[in-house]
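Colleague: After the structure tokens below, expect a handful of questions from me.
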Amino acid sequence: MKKTLIVAACSTLLAACGGGGSDSSSPVNNTPALTPLSVYAGTWQSPCDDYEIDTLTLSNKADGSLEVTIKAEHFQSASCAGAPIATQTTTTNPSISYLSTADTAVQAGIGKPPTTTRIDKVNINIPPHNVVVTGPGVQRVVESGQAKWCFNVNSTSRTCIDDPGTTTAQASTGGMYISGNTLYLLSPTGPTYTVDEFYTRK
């Protein structure tokens, strides 16, 4: 991951890698330096899981953090074939800010031994937001006092997603790294970080 970031930085900012520069015959490069989280910018997608595909779009912000746009698409097919029948989003977006880079024990799954992996440790800030579900068959209902977004998956199956109203702001820490074309999101458990989710770059 860090090698990828360094190569990208060198290709756009020679001075940052100890070479190049400018003189009277060369235009000045005013491109801002890449931040440690720039390598994560892009669109990432989860595997199909139980009729659902999740998509994260990570966008660079001026302060060096990342804005996270989250979308969950629900399908009639267990293999997520065809067009989505419902799409879940939030009204405001979380952000991720850089803390440090470290070689850290990472556990890929339950029962698997930790391996030392270079990760970026981050802060995650989630602003107050609402959950919104859209789609041609989506209805917002109240059942037993709980608001929900509901839609039919097929003639015999119905899915409902709780609508908790406006949530309070939250903050936490986590980790992330890229291996090949895969983004791993991590949660700390003592000195070890555990893989929560993984996404493939689109």
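Labels used: A, B, ... for chains in the order of the structure tokens, numbers from 1 for residues in each chain, and numbers from 1 for ligands as shown.
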Which residues are close to Leu99 in chain A, i.e. within 8 Å by only C-alpha atoms, leaving aside same-chain residues fewer than 3 positions away? Reply as a list of chain:residue names.

Modeller: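 Result of the neighbour search: A:Asp120, A:Lys121, A:Val122, A:Asn123.
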
Colleague: Can you write out the residues you just picked, keeping C-alpha atoms, as a JSON list (two decimals), in the first residue's frame?

Modeller:
```json
[["chain", "number", "residue", "atom", "x", "y", "z"],
["A", 120, "ASP", "CA", -3.19, 3.01, 8.21],
["A", 121, "LYS", "CA", -4.84, 3.79, 11.54],
["A", 122, "VAL", "CA", -7.72, 6.22, 11.20],
["A", 123, "ASN", "CA", -10.47, 8.13, 12.96]]
```

Colleague: Against range 164-177 of chain A, which residues of range 26-140 of chain A fall within 10 Å? For each one I want the closest pair of atoms and the distance in Å (one decimal), counting only C-alpha atoms, rows by chain and increasing residue number, as a tab-separated table.

Modeller:
```
residue	atom	partner	partner_atom	distance
A:Leu37	CA	A:Met176	CA	9.6
A:Val39	CA	A:Tyr177	CA	9.6
A:Tyr40	CA	A:Tyr177	CA	8.4
A:Thr91	CA	A:Thr166	CA	9.4
A:Pro94	CA	A:Gln170	CA	9.4
A:Ser95	CA	A:Ala171	CA	9.7
A:Ile96	CA	A:Thr173	CA	9.2
A:Ser97	CA	A:Thr173	CA	9.5
A:Tyr98	CA	A:Gly175	CA	9.4
A:Leu99	CA	A:Thr173	CA	9.1
A:Ser100	CA	A:Gly175	CA	9.5
A:Thr101	CA	A:Gly175	CA	9.2
A:Ala102	CA	A:Gly175	CA	10.0
A:Thr104	CA	A:Gly175	CA	9.8
A:Val106	CA	A:Gly175	CA	9.7
A:Thr117	CA	A:Tyr177	CA	8.6
A:Arg118	CA	A:Tyr177	CA	7.4
A:Ile119	CA	A:Tyr177	CA	5.1
A:Asp120	CA	A:Met176	CA	5.4
A:Lys121	CA	A:Gly175	CA	4.4
A:Val122	CA	A:Gly174	CA	5.4
A:Asn123	CA	A:Thr173	CA	4.5
A:Ile124	CA	A:Ser172	CA	5.2
A:Asn125	CA	A:Ala171	CA	4.5
A:Ile126	CA	A:Gln170	CA	5.0
A:Pro127	CA	A:Ala169	CA	4.5
A:Pro128	CA	A:Ala169	CA	4.7
A:His129	CA	A:Thr166	CA	5.3
A:Asn130	CA	A:Thr166	CA	4.8
A:Val131	CA	A:Gly165	CA	7.4
A:Val132	CA	A:Gly165	CA	9.7
```

Colleague: What residues in range 27-107 of chain A get the DSSP label strand (DSSP E)? Please answer as a ChimeraX atom specification.

Modeller: /A:42-45,52-60,66-74,86-90,95-107

Colleague: Set the distance at 10 Å and use only C-alpha atoms: which residues neighbour Thr192 in chain A once local chain neighbours fewer than 5 positions away are removed? I'd like the list as a list in words.

Modeller: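 These residues fall inside the cut-off: Thr104, Ala105, Val106, Gln107, Pro114, Thr115, Thr116, Leu186 and Ser187 of chain A.
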
Colleague: Given the choices A:Ala83, A:Thr90, A:Gly190, A:Gly145, which gets closest to Lys71 in chain A if the distance is worked out from only C-alpha atoms?

Modeller: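 Of A:Ala83, A:Thr90, A:Gly190, A:Gly145, the one nearest Lys71 in chain A is A:Thr90, counting only C-alpha atoms.
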
Colleague: Write out as a list of chain:residue names which residues come within 8 Å of Asn60 in chain A when counting only C-alpha atoms, dropping same-chain ones fewer than 3 positions away.

Modeller: A:Leu37, A:Ser38, A:Ala41, A:Gly64, A:Ser65, A:Leu66, A:Glu67

Colleague: Keeping only all heavy atoms, take the residues you just selected and write them out as a CSV table (one decimal), in the first residue's frame.

Modeller:
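Contents of part-v7.csv, as written:
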```
chain,number,residue,atom,x,y,z
A,37,LEU,N,-4.0,9.1,2.8
A,37,LEU,CA,-5.2,8.4,2.5
A,37,LEU,C,-5.6,8.5,1.1
A,37,LEU,O,-6.6,7.9,0.6
A,37,LEU,CB,-6.4,9.0,3.4
A,37,LEU,CG,-6.2,8.8,4.9
A,37,LEU,CD1,-7.5,9.3,5.6
A,37,LEU,CD2,-6.0,7.3,5.3
A,38,SER,N,-4.9,9.3,0.3
A,38,SER,CA,-5.2,9.5,-1.2
A,38,SER,C,-5.3,8.2,-1.9
A,38,SER,O,-6.1,8.0,-2.9
A,38,SER,CB,-4.2,10.4,-1.8
A,38,SER,OG,-4.3,11.7,-1.3
A,41,ALA,N,-8.8,6.6,-2.4
A,41,ALA,CA,-9.9,7.3,-3.2
A,41,ALA,C,-10.4,6.4,-4.3
A,41,ALA,O,-9.6,5.8,-5.0
A,41,ALA,CB,-9.4,8.6,-3.7
A,64,GLY,N,-7.3,16.6,3.7
A,64,GLY,CA,-6.6,15.3,3.7
A,64,GLY,C,-7.4,14.1,4.2
A,64,GLY,O,-6.9,13.0,4.1
A,65,SER,N,-8.6,14.3,4.6
A,65,SER,CA,-9.5,13.2,5.0
A,65,SER,C,-10.2,12.7,3.8
A,65,SER,O,-10.1,13.2,2.7
A,65,SER,CB,-10.4,13.7,6.1
A,65,SER,OG,-11.3,14.7,5.6
A,66,LEU,N,-11.0,11.6,4.0
A,66,LEU,CA,-11.8,11.0,3.0
A,66,LEU,C,-13.3,11.2,3.4
A,66,LEU,O,-13.7,11.0,4.5
A,66,LEU,CB,-11.5,9.6,2.9
A,66,LEU,CG,-10.1,9.2,2.3
A,66,LEU,CD1,-9.9,7.7,2.5
A,66,LEU,CD2,-9.9,9.6,0.9
A,67,GLU,N,-14.1,11.5,2.4
A,67,GLU,CA,-15.6,11.5,2.6
A,67,GLU,C,-16.0,10.1,2.1
A,67,GLU,O,-15.6,9.6,1.1
A,67,GLU,CB,-16.3,12.6,1.8
A,67,GLU,CG,-17.8,12.6,2.0
A,67,GLU,CD,-18.5,13.7,1.3
A,67,GLU,OE1,-17.8,14.5,0.5
A,67,GLU,OE2,-19.7,13.9,1.5
```

Colleague: Find the residues near Gly137 in chain A: any atom within 10 Å, counting only C-alpha atoms, skip ones fewer than 6 places away on the same chain, and give them as number ranges by chain.

Modeller: A: 85-86, 150-153

Colleague: With N, CA, C and O atoms retained, export the selected residues as a short mmCIF file (atom, residue, chain, number, x, y, z; two decimals), in the first residue's frame.

Modeller:
```
data_model
loop_
_atom_site.label_atom_id
_atom_site.label_comp_id
_atom_site.auth_asym_id
_atom_site.auth_seq_id
_atom_site.Cartn_x
_atom_site.Cartn_y
_atom_site.Cartn_z
N ILE A 85 -33.83 -3.72 -6.46
CA ILE A 85 -35.23 -3.38 -6.20
C ILE A 85 -35.34 -2.33 -5.10
O ILE A 85 -36.40 -1.72 -4.93
N ALA A 86 -34.26 -2.11 -4.35
CA ALA A 86 -34.26 -1.08 -3.31
C ALA A 86 -32.82 -0.63 -3.08
O ALA A 86 -31.88 -1.43 -3.18
N CYS A 150 -39.89 -0.97 4.06
CA CYS A 150 -40.18 -2.35 3.69
C CYS A 150 -40.37 -2.49 2.18
O CYS A 150 -40.86 -1.57 1.51
N PHE A 151 -40.00 -3.66 1.67
CA PHE A 151 -40.21 -3.96 0.25
C PHE A 151 -40.27 -5.47 0.08
O PHE A 151 -39.71 -6.24 0.87
N ASN A 152 -40.96 -5.91 -0.96
CA ASN A 152 -41.10 -7.33 -1.25
C ASN A 152 -39.93 -7.79 -2.11
O ASN A 152 -39.63 -7.20 -3.15
N VAL A 153 -39.27 -8.85 -1.65
CA VAL A 153 -38.20 -9.46 -2.44
C VAL A 153 -38.81 -10.34 -3.53
O VAL A 153 -38.36 -10.36 -4.67
#
```

Colleague: Give me the residues near Thr200 in chain A as number ranges by chain, where near means some atom within 12 Å (using only C-alpha atoms) and where sequence neighbours in that chain fewer than 5 positions away do not count.

Modeller: A: 40, 42-48, 53-57, 178-185

Colleague: I'd like to know which of A:Val133, A:Ile110, A:Ala62, A:Cys160 is closest to Leu34 in chain A, using only C-alpha atoms.

Modeller: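 For Leu34 in chain A, the nearest of the given residues is A:Ala62.
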
Colleague: Quick check, in Å to one decimal: how far apart do CA of Val138 in chain A and CA of Pro84 in chain A lie?

Modeller: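 These atoms are spaced 11.7 Å apart.
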